[in-house]
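**Q** Dropping in model_26.cif, with mmCIF, C-alpha atoms.
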```
data_protein
#
loop_
_atom_site.label_atom_id
_atom_site.label_comp_id
_atom_site.auth_asym_id
_atom_site.auth_seq_id
_atom_site.Cartn_x
_atom_site.Cartn_y
_atom_site.Cartn_z
CA MET U 97 -13.02 0.18 13.80
CA LEU U 98 -10.28 1.81 15.91
CA ARG U 99 -7.56 0.48 13.62
CA THR U 100 -9.41 1.81 10.57
CA THR U 101 -9.78 5.23 12.20
CA LEU U 102 -6.08 5.43 13.09
CA LEU U 103 -4.98 4.36 9.63
CA ALA U 104 -7.28 6.98 8.11
CA ALA U 105 -5.79 9.58 10.47
CA SER U 106 -2.30 8.61 9.31
CA ARG U 107 -3.21 10.04 5.89
CA ALA U 108 -5.26 13.05 7.06
CA PRO U 109 -3.45 16.43 6.98
CA ARG U 110 -5.77 17.95 9.61
CA ALA U 111 -5.25 15.08 12.05
CA ARG U 112 -1.51 15.40 11.50
CA GLN U 113 -1.61 19.09 12.38
CA VAL U 114 -3.52 18.41 15.59
CA ILE U 115 -1.37 15.52 16.81
CA GLU U 116 1.96 17.12 15.92
CA ALA U 117 0.88 20.29 17.75
CA LEU U 118 0.26 18.49 21.07
CA PRO U 119 3.12 19.54 23.40
CA PRO U 120 4.02 16.06 24.68
CA THR U 121 3.77 14.26 21.33
CA ARG U 122 7.41 14.56 20.30
CA ALA U 123 8.67 13.25 23.63
CA ILE U 124 6.35 10.23 23.36
CA VAL U 125 7.33 9.60 19.75
CA ARG U 126 10.92 9.09 20.87
CA ARG U 127 9.86 5.70 22.19
CA PHE U 128 9.47 4.57 18.57
CA ILE U 129 11.73 6.95 16.59
CA ALA U 130 15.50 7.36 17.05
CA GLY U 131 15.31 11.12 16.41
CA ASP U 132 15.16 13.65 13.59
CA GLU U 133 18.86 13.79 12.76
CA LEU U 134 21.51 11.40 11.47
CA ASP U 135 23.75 11.74 14.52
CA GLU U 136 20.85 10.76 16.78
CA ALA U 137 20.16 7.66 14.66
CA VAL U 138 23.84 6.65 14.74
CA ALA U 139 23.98 7.12 18.52
CA VAL U 140 20.93 4.90 19.10
CA THR U 141 22.31 2.34 16.66
CA ASP U 142 25.57 2.22 18.58
CA GLU U 143 23.70 1.72 21.86
CA LEU U 144 21.56 -1.10 20.49
CA VAL U 145 24.50 -2.84 18.81
CA GLY U 146 26.28 -2.69 22.15
CA ALA U 147 23.30 -4.54 23.64
CA GLY U 148 23.66 -7.39 21.13
CA ARG U 149 21.10 -6.29 18.55
CA ARG U 150 21.46 -5.86 14.83
CA ILE U 151 19.77 -2.91 13.18
CA THR U 152 17.92 -1.92 10.02
CA LEU U 153 17.67 1.87 9.71
CA ASP U 154 14.82 3.60 7.92
CA HIS U 155 15.13 7.26 6.91
CA LEU U 156 11.51 8.39 7.14
CA GLY U 157 10.15 10.29 4.16
CA GLU U 158 7.15 8.84 2.33
CA ASP U 159 5.52 11.89 0.72
CA THR U 160 7.91 12.46 -2.18
CA ARG U 161 6.60 15.14 -4.51
CA ASP U 162 9.30 15.52 -7.17
CA ALA U 163 12.51 14.03 -8.54
CA ALA U 164 14.70 16.45 -6.59
CA GLN U 165 13.16 15.35 -3.30
CA ALA U 166 13.61 11.69 -4.28
CA ALA U 167 17.27 12.32 -5.07
CA GLY U 168 17.62 14.10 -1.73
CA THR U 169 16.32 11.02 0.08
CA ALA U 170 18.84 8.83 -1.77
CA ALA U 171 21.58 11.26 -0.75
CA ALA U 172 20.42 11.03 2.88
CA TYR U 173 20.84 7.25 2.70
CA GLU U 174 24.31 7.67 1.21
CA ARG U 175 25.25 9.90 4.15
CA LEU U 176 23.79 7.36 6.58
CA LEU U 177 25.75 4.50 5.02
CA ALA U 178 28.94 6.56 5.03
CA ALA U 179 28.40 7.21 8.75
CA LEU U 180 27.84 3.51 9.43
CA LYS U 181 31.08 2.72 7.60
CA GLU U 182 33.03 5.42 9.41
CA THR U 183 31.82 4.34 12.86
CA GLY U 184 32.33 0.63 12.22
CA LEU U 185 28.62 -0.07 12.66
CA ALA U 186 28.00 -1.30 9.11
CA GLU U 187 28.90 -4.86 10.08
CA ARG U 188 25.76 -5.04 12.25
CA ALA U 189 23.51 -2.36 10.73
CA GLU U 190 21.83 -2.22 7.31
CA VAL U 191 19.22 0.13 5.82
CA SER U 192 15.56 -0.22 4.85
CA VAL U 193 14.23 1.82 1.93
CA LYS U 194 10.69 2.67 0.87
CA LEU U 195 10.72 3.02 -2.90
CA SER U 196 7.95 5.61 -2.69
CA ALA U 197 10.43 7.82 -0.83
CA VAL U 198 12.89 7.66 -3.74
CA GLY U 199 10.40 8.39 -6.51
CA GLN U 200 8.42 5.21 -7.23
CA PHE U 201 5.09 6.94 -7.82
CA LEU U 202 6.13 10.20 -9.39
CA PRO U 203 3.89 10.84 -12.40
CA GLN U 204 6.70 10.78 -14.97
CA ASP U 205 9.25 7.94 -14.99
CA GLY U 206 8.63 7.17 -11.32
CA GLU U 207 9.78 3.55 -11.46
CA ARG U 208 12.94 4.43 -13.38
CA ILE U 209 13.74 7.23 -10.93
CA ALA U 210 13.18 4.90 -7.98
CA LEU U 211 15.35 2.19 -9.56
CA ASP U 212 18.19 4.64 -10.21
CA ASN U 213 18.02 6.04 -6.67
CA ALA U 214 17.79 2.57 -5.11
CA ARG U 215 20.82 1.54 -7.16
CA ARG U 216 22.73 4.49 -5.68
CA ILE U 217 21.80 3.34 -2.19
CA CYS U 218 22.78 -0.27 -2.92
CA ALA U 219 26.16 0.88 -4.26
CA ALA U 220 26.76 2.89 -1.08
CA ALA U 221 25.75 -0.13 1.02
CA ALA U 222 28.15 -2.39 -0.89
CA ASP U 223 30.94 0.13 -0.32
CA ALA U 224 30.12 0.24 3.41
CA GLY U 225 30.01 -3.56 3.64
CA THR U 226 26.34 -3.90 4.50
CA THR U 227 22.95 -4.60 2.87
CA VAL U 228 19.64 -3.01 1.88
CA THR U 229 16.06 -4.21 2.35
CA LEU U 230 13.22 -2.79 0.26
CA ASP U 231 10.19 -2.03 2.43
CA MET U 232 6.69 -2.80 1.23
CA GLU U 233 3.73 -0.42 1.42
CA ASP U 234 0.08 -0.99 0.47
CA HIS U 235 -0.89 -3.68 -2.03
CA THR U 236 -0.84 -1.29 -5.00
CA THR U 237 2.97 -1.10 -4.66
CA THR U 238 3.70 -4.84 -4.56
CA ASP U 239 4.22 -5.64 -8.26
CA SER U 240 6.28 -2.50 -8.82
CA THR U 241 8.43 -3.07 -5.73
CA LEU U 242 9.14 -6.74 -6.53
CA GLY U 243 9.91 -5.86 -10.14
CA ILE U 244 12.47 -3.28 -9.06
CA ALA U 245 13.87 -5.77 -6.54
CA ARG U 246 14.44 -8.35 -9.26
CA GLU U 247 16.35 -5.81 -11.35
CA LEU U 248 18.52 -4.74 -8.42
CA ARG U 249 19.26 -8.31 -7.36
CA ALA U 250 21.00 -8.92 -10.68
CA ASP U 251 23.83 -6.71 -9.36
CA TYR U 252 23.16 -6.91 -5.62
CA PRO U 253 21.99 -10.48 -4.89
CA TRP U 254 21.94 -9.77 -1.15
CA LEU U 255 19.10 -7.26 -1.54
CA GLY U 256 16.25 -8.02 0.87
CA VAL U 257 12.52 -7.59 0.31
CA VAL U 258 9.55 -7.32 2.64
CA LEU U 259 6.49 -9.51 2.13
CA GLN U 260 3.21 -9.04 4.01
CA ALA U 261 1.35 -12.15 5.17
CA TYR U 262 -2.08 -10.51 5.13
CA LEU U 263 -2.02 -10.32 1.34
CA ARG U 264 -3.52 -13.35 -0.35
CA ARG U 265 -0.70 -13.47 -2.90
CA THR U 266 2.16 -13.60 -0.40
CA GLU U 267 2.58 -17.36 -0.03
CA ALA U 268 3.32 -17.54 -3.76
CA ASP U 269 5.67 -14.53 -3.51
CA CYS U 270 7.54 -16.28 -0.68
CA ALA U 271 8.10 -19.27 -2.96
CA ASP U 272 9.40 -16.97 -5.72
CA PHE U 273 11.84 -15.24 -3.35
CA SER U 274 13.02 -18.23 -1.29
CA GLY U 275 15.91 -19.26 -3.52
CA PRO U 276 19.65 -19.18 -2.75
CA GLY U 277 20.90 -15.83 -1.44
CA SER U 278 17.46 -14.31 -0.98
CA ARG U 279 16.59 -12.29 2.12
CA VAL U 280 12.88 -11.95 2.96
CA ARG U 281 11.43 -10.02 5.87
CA LEU U 282 8.01 -11.51 6.58
CA CYS U 283 5.59 -9.26 8.46
CA LYS U 284 1.82 -9.36 8.92
CA GLY U 285 1.10 -5.97 7.32
CA ALA U 286 0.07 -2.55 8.62
CA TYR U 287 -2.12 -1.01 5.90
CA GLN U 288 -5.88 -1.03 5.46
CA GLU U 289 -6.51 -3.34 2.51
CA PRO U 290 -9.69 -4.53 0.72
CA GLU U 291 -10.92 -8.08 1.28
CA SER U 292 -10.37 -8.89 -2.38
CA VAL U 293 -6.59 -8.80 -1.88
CA ALA U 294 -6.07 -9.29 1.86
CA PHE U 295 -7.21 -11.54 4.68
CA GLN U 296 -9.29 -9.54 7.15
CA GLY U 297 -9.51 -11.63 10.32
CA ARG U 298 -6.67 -12.10 12.77
CA ARG U 299 -6.89 -15.89 12.56
CA GLU U 300 -6.71 -15.83 8.76
CA VAL U 301 -3.68 -13.55 8.85
CA ASP U 302 -1.96 -15.74 11.45
CA LEU U 303 -2.56 -18.88 9.40
CA SER U 304 -1.18 -17.16 6.32
CA TYR U 305 1.88 -16.04 8.29
CA VAL U 306 2.59 -19.63 9.33
CA ARG U 307 2.15 -20.93 5.78
CA CYS U 308 4.57 -18.29 4.52
CA LEU U 309 7.04 -19.10 7.29
CA LYS U 310 6.99 -22.75 6.27
CA VAL U 311 7.86 -21.80 2.69
CA LEU U 312 10.71 -19.50 3.75
CA MET U 313 12.17 -21.84 6.38
CA GLY U 314 12.05 -24.66 3.84
CA GLY U 315 13.75 -22.56 1.17
CA GLU U 316 17.39 -21.76 0.50
CA GLY U 317 17.30 -18.10 1.50
CA TYR U 318 17.57 -16.14 4.73
CA PRO U 319 14.18 -15.66 6.45
CA MET U 320 13.69 -12.55 8.57
CA VAL U 321 10.83 -13.15 11.01
CA ALA U 322 9.30 -9.72 11.69
CA SER U 323 6.75 -10.22 14.46
CA HIS U 324 6.02 -9.26 18.06
CA ASP U 325 3.52 -12.10 18.41
CA PRO U 326 4.83 -14.67 20.93
CA ARG U 327 3.05 -17.50 19.09
CA MET U 328 4.64 -16.62 15.75
CA ILE U 329 8.06 -16.36 17.38
CA ARG U 330 7.67 -19.81 18.94
CA ILE U 331 6.44 -21.30 15.66
CA ALA U 332 9.34 -19.76 13.75
CA GLY U 333 11.81 -21.26 16.21
CA GLN U 334 10.17 -24.66 15.93
CA LEU U 335 10.16 -24.55 12.12
CA ALA U 336 13.83 -23.56 12.10
CA GLU U 337 14.62 -26.50 14.39
CA TRP U 338 12.66 -28.93 12.22
CA ARG U 339 14.50 -27.69 9.14
CA GLU U 340 17.81 -27.99 11.05
CA ARG U 341 18.61 -24.36 10.41
CA LYS U 342 21.64 -22.92 12.17
CA ALA U 343 21.16 -19.84 14.34
CA ASP U 344 22.88 -17.62 11.77
CA SER U 345 20.66 -18.77 8.87
CA PHE U 346 17.63 -16.70 9.89
CA GLU U 347 16.75 -13.85 12.23
CA TYR U 348 13.99 -12.26 14.25
CA GLN U 349 13.01 -8.62 13.78
CA MET U 350 11.07 -6.21 15.97
CA LEU U 351 10.31 -2.51 15.95
CA TYR U 352 12.29 -0.10 18.08
CA GLY U 353 10.51 0.57 21.36
CA ILE U 354 8.27 -2.52 21.33
CA ARG U 355 8.76 -5.57 23.59
CA PRO U 356 12.37 -4.79 24.62
CA GLU U 357 12.33 -7.59 27.22
CA GLU U 358 11.47 -10.13 24.52
CA GLN U 359 14.18 -8.69 22.31
CA GLN U 360 16.69 -9.31 25.09
CA ARG U 361 15.41 -12.84 25.65
CA ILE U 362 15.97 -13.66 21.98
CA VAL U 363 19.49 -12.18 22.11
CA ASP U 364 20.25 -14.22 25.24
CA SER U 365 19.04 -17.39 23.49
CA GLY U 366 21.80 -17.02 20.90
CA ALA U 367 19.47 -16.13 18.01
CA THR U 368 19.88 -13.05 15.82
CA MET U 369 17.64 -10.14 16.84
CA ARG U 370 17.39 -7.15 14.48
CA ILE U 371 15.65 -3.87 15.40
CA TYR U 372 13.81 -1.78 12.81
CA LEU U 373 14.99 1.73 13.71
CA PRO U 374 13.36 4.71 11.97
CA TYR U 375 14.61 8.28 12.15
CA GLY U 376 13.90 11.60 10.46
CA GLY U 377 11.42 14.46 10.58
CA GLU U 378 8.66 12.74 8.57
CA TRP U 379 7.63 10.47 11.43
CA TYR U 380 3.87 11.07 11.58
CA GLY U 381 2.60 8.33 9.22
CA TYR U 382 4.91 5.73 10.71
CA PHE U 383 3.89 6.66 14.26
CA MET U 384 0.16 6.44 13.52
CA ARG U 385 0.55 3.00 11.94
CA ARG U 386 2.35 1.80 15.08
CA LEU U 387 -0.61 2.98 17.17
CA ALA U 388 -3.01 1.19 14.82
CA GLU U 389 -1.08 -2.09 14.97
CA ARG U 390 -1.26 -2.69 18.71
CA PRO U 391 -3.82 -1.37 21.24
CA ALA U 392 -1.05 -1.33 23.86
CA ASN U 393 0.77 1.35 21.85
CA LEU U 394 -2.33 3.57 21.78
CA THR U 395 -2.88 3.02 25.51
CA PHE U 396 0.72 4.06 26.16
CA PHE U 397 0.25 7.20 24.06
CA LEU U 398 -3.03 8.23 25.76
CA ARG U 399 -1.65 7.64 29.24
CA ALA U 400 1.40 9.70 28.42
CA LEU U 401 -0.79 12.52 27.12
CA ALA U 402 -2.85 12.42 30.29
CA GLY U 403 0.23 12.45 32.45
CA ARG U 404 1.89 15.31 30.59
CA GLY U 405 -1.13 17.41 29.78
#
```
Would you mind writing the file out in structure tokens?
**A**
Amino acid sequence: MLRTTLLAASRAPRARQVIEALPPTRAIVRRFIAGDELDEAVAVTDELVGAGRRITLDHLGEDTRDAAQAAGTAAAYERLLAALKETGLAERAEVSVKLSAVGQFLPQDGERIALDNARRICAAAADAGTTVTLDMEDHTTTDSTLGIARELRADYPWLGVVLQAYLRRTEADCADFSGPGSRVRLCKGAYQEPESVAFQGRREVDLSYVRCLKVLMGGEGYPMVASHDPRMIRIAGQLAEWRERKADSFEYQMLYGIRPEEQQRIVDSGATMRIYLPYGGEWYGYFMRRLAERPANLTFFLRALAGRG
């Protein structure tokens, strides 16, 4: 019930106004967001790279209303990738892109606009010497996103995609995207989905995650294990060992600001640890989904409000 309420609040303009107006909110958000500006994101990236992490940067902006705004988001990614190239961070930092932010669901030619803008971003990434991963949103975006991914991979075979284990279709999608050169970030999923398309119980989602992991670890691609769950991390390591995968043939991923001690443990073990690092002014929806995902995040937020109120 709490998760449902928070996810509903993530899409409610009135709730957004209230939460963004709370004086301590922005300071608390900095636990999960690198900042509003590009230079802040680059500074945090540099700090995390210095601590042995790799990074995937997400320029937040999901409510795209017209083609000009979509093109502006693509331009923001081009500036980000140019900065990564200039600072020498591109070797250890890539970008994550939500296709909705670059025009995917505009009423006229949305998919074409998103494909063109994503192609611009991929070209900038290739020039910088890094990669791009396409984020996934709710289940209504899956076919469109994977279709665009297939088109882009014809020219950029290193393009990564995100698959969400709570969707009933995902095990089959993992098989489709587990071939040579593929990069798949497997997460559990953070959207409220109907039972007809998604597993509802935690145990069902966990079992699906493990089945999907088995497919990816047994494939010829590069699995990206996006989880904060200690059990899933242990299982992923065991599957990689059984498949005799080298440490550089897969990676773990976690969100910025969550379980930093575990992140360091993974780095110290010699495995690859990548941090999902969002930045930008449109942080509200992302922040609310992080609260919905883990009760500990909401507890942290409420305690901070109480302490700063």
**Q** Ranking U:Leu303, U:Leu373, U:Leu230, U:Ile244 by minimum distance to Ala261 (chain U) and counting all atoms listed in the file, which one comes first?
**A**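 Smallest distance to Ala261 (chain U) is found for U:Leu303.
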**Q** Calculated over only C-alpha atoms, which of the candidates U:Gly315, U:Gly168, U:Gly353, U:Gly297 has the smallest distance to Tyr262 (chain U)?
**A** U:Gly297
**Q** Quick one: pull the distance between CA of Arg265 (chain U) and CA of Arg279 (chain U), Å, one decimal.
**A**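 Distance between the two atoms: 18.0 Å.
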**Q** Identify which of the residues U:Ala167, U:Met328, U:Ala178, U:Leu185 lies closest to Val198 (chain U), counting all atoms listed in the file when measuring atom-to-atom distances.
**A**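 Going through U:Ala167, U:Met328, U:Ala178, U:Leu185 one by one, the smallest distance to Val198 (chain U) is for U:Ala167.
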**Q** Is it possible to get the residues within 12 Å of (7.2, -25.4, 1.1) (coordinates as in the file, counting only C-alpha atoms) written as a list in words?
**A** Glu267, Ala268, Asp269, Cys270, Ala271, Asp272, Ser274, Gly275, Val306, Arg307, Cys308, Leu309, Lys310, Val311, Leu312, Met313, Gly314, Gly315, Glu316, Leu335 and Arg339 of chain U
**Q** Would you pick out the contacts of Leu177 (chain U) at 12 Å or less, using all atoms listed in the file, so that residues sharing its chain but fewer than 6 positions from it are not included, and give the list as a PyMOL selection string?
**A** chain U and resi 134+137-138+152-155+170-171+183-192+216-228
**Q** Around (4.7, -9.7, 8.9) in the file's frame, which residues reach within 12 Å when counting all atoms listed in the file? Return as a PyMOL selection string?
**A** chain U and resi 231-233+257-263+266-267+270+280-287+301-309+319-325+328-329+348-351+389
**Q** Might you pull out every residue within 9 Å of Ser292 (chain U), with only C-alpha atoms counted and same-chain residues fewer than 3 positions away left off, and present them as JSON, numbers by chain?
**A** {"U": [264, 289, 295]}
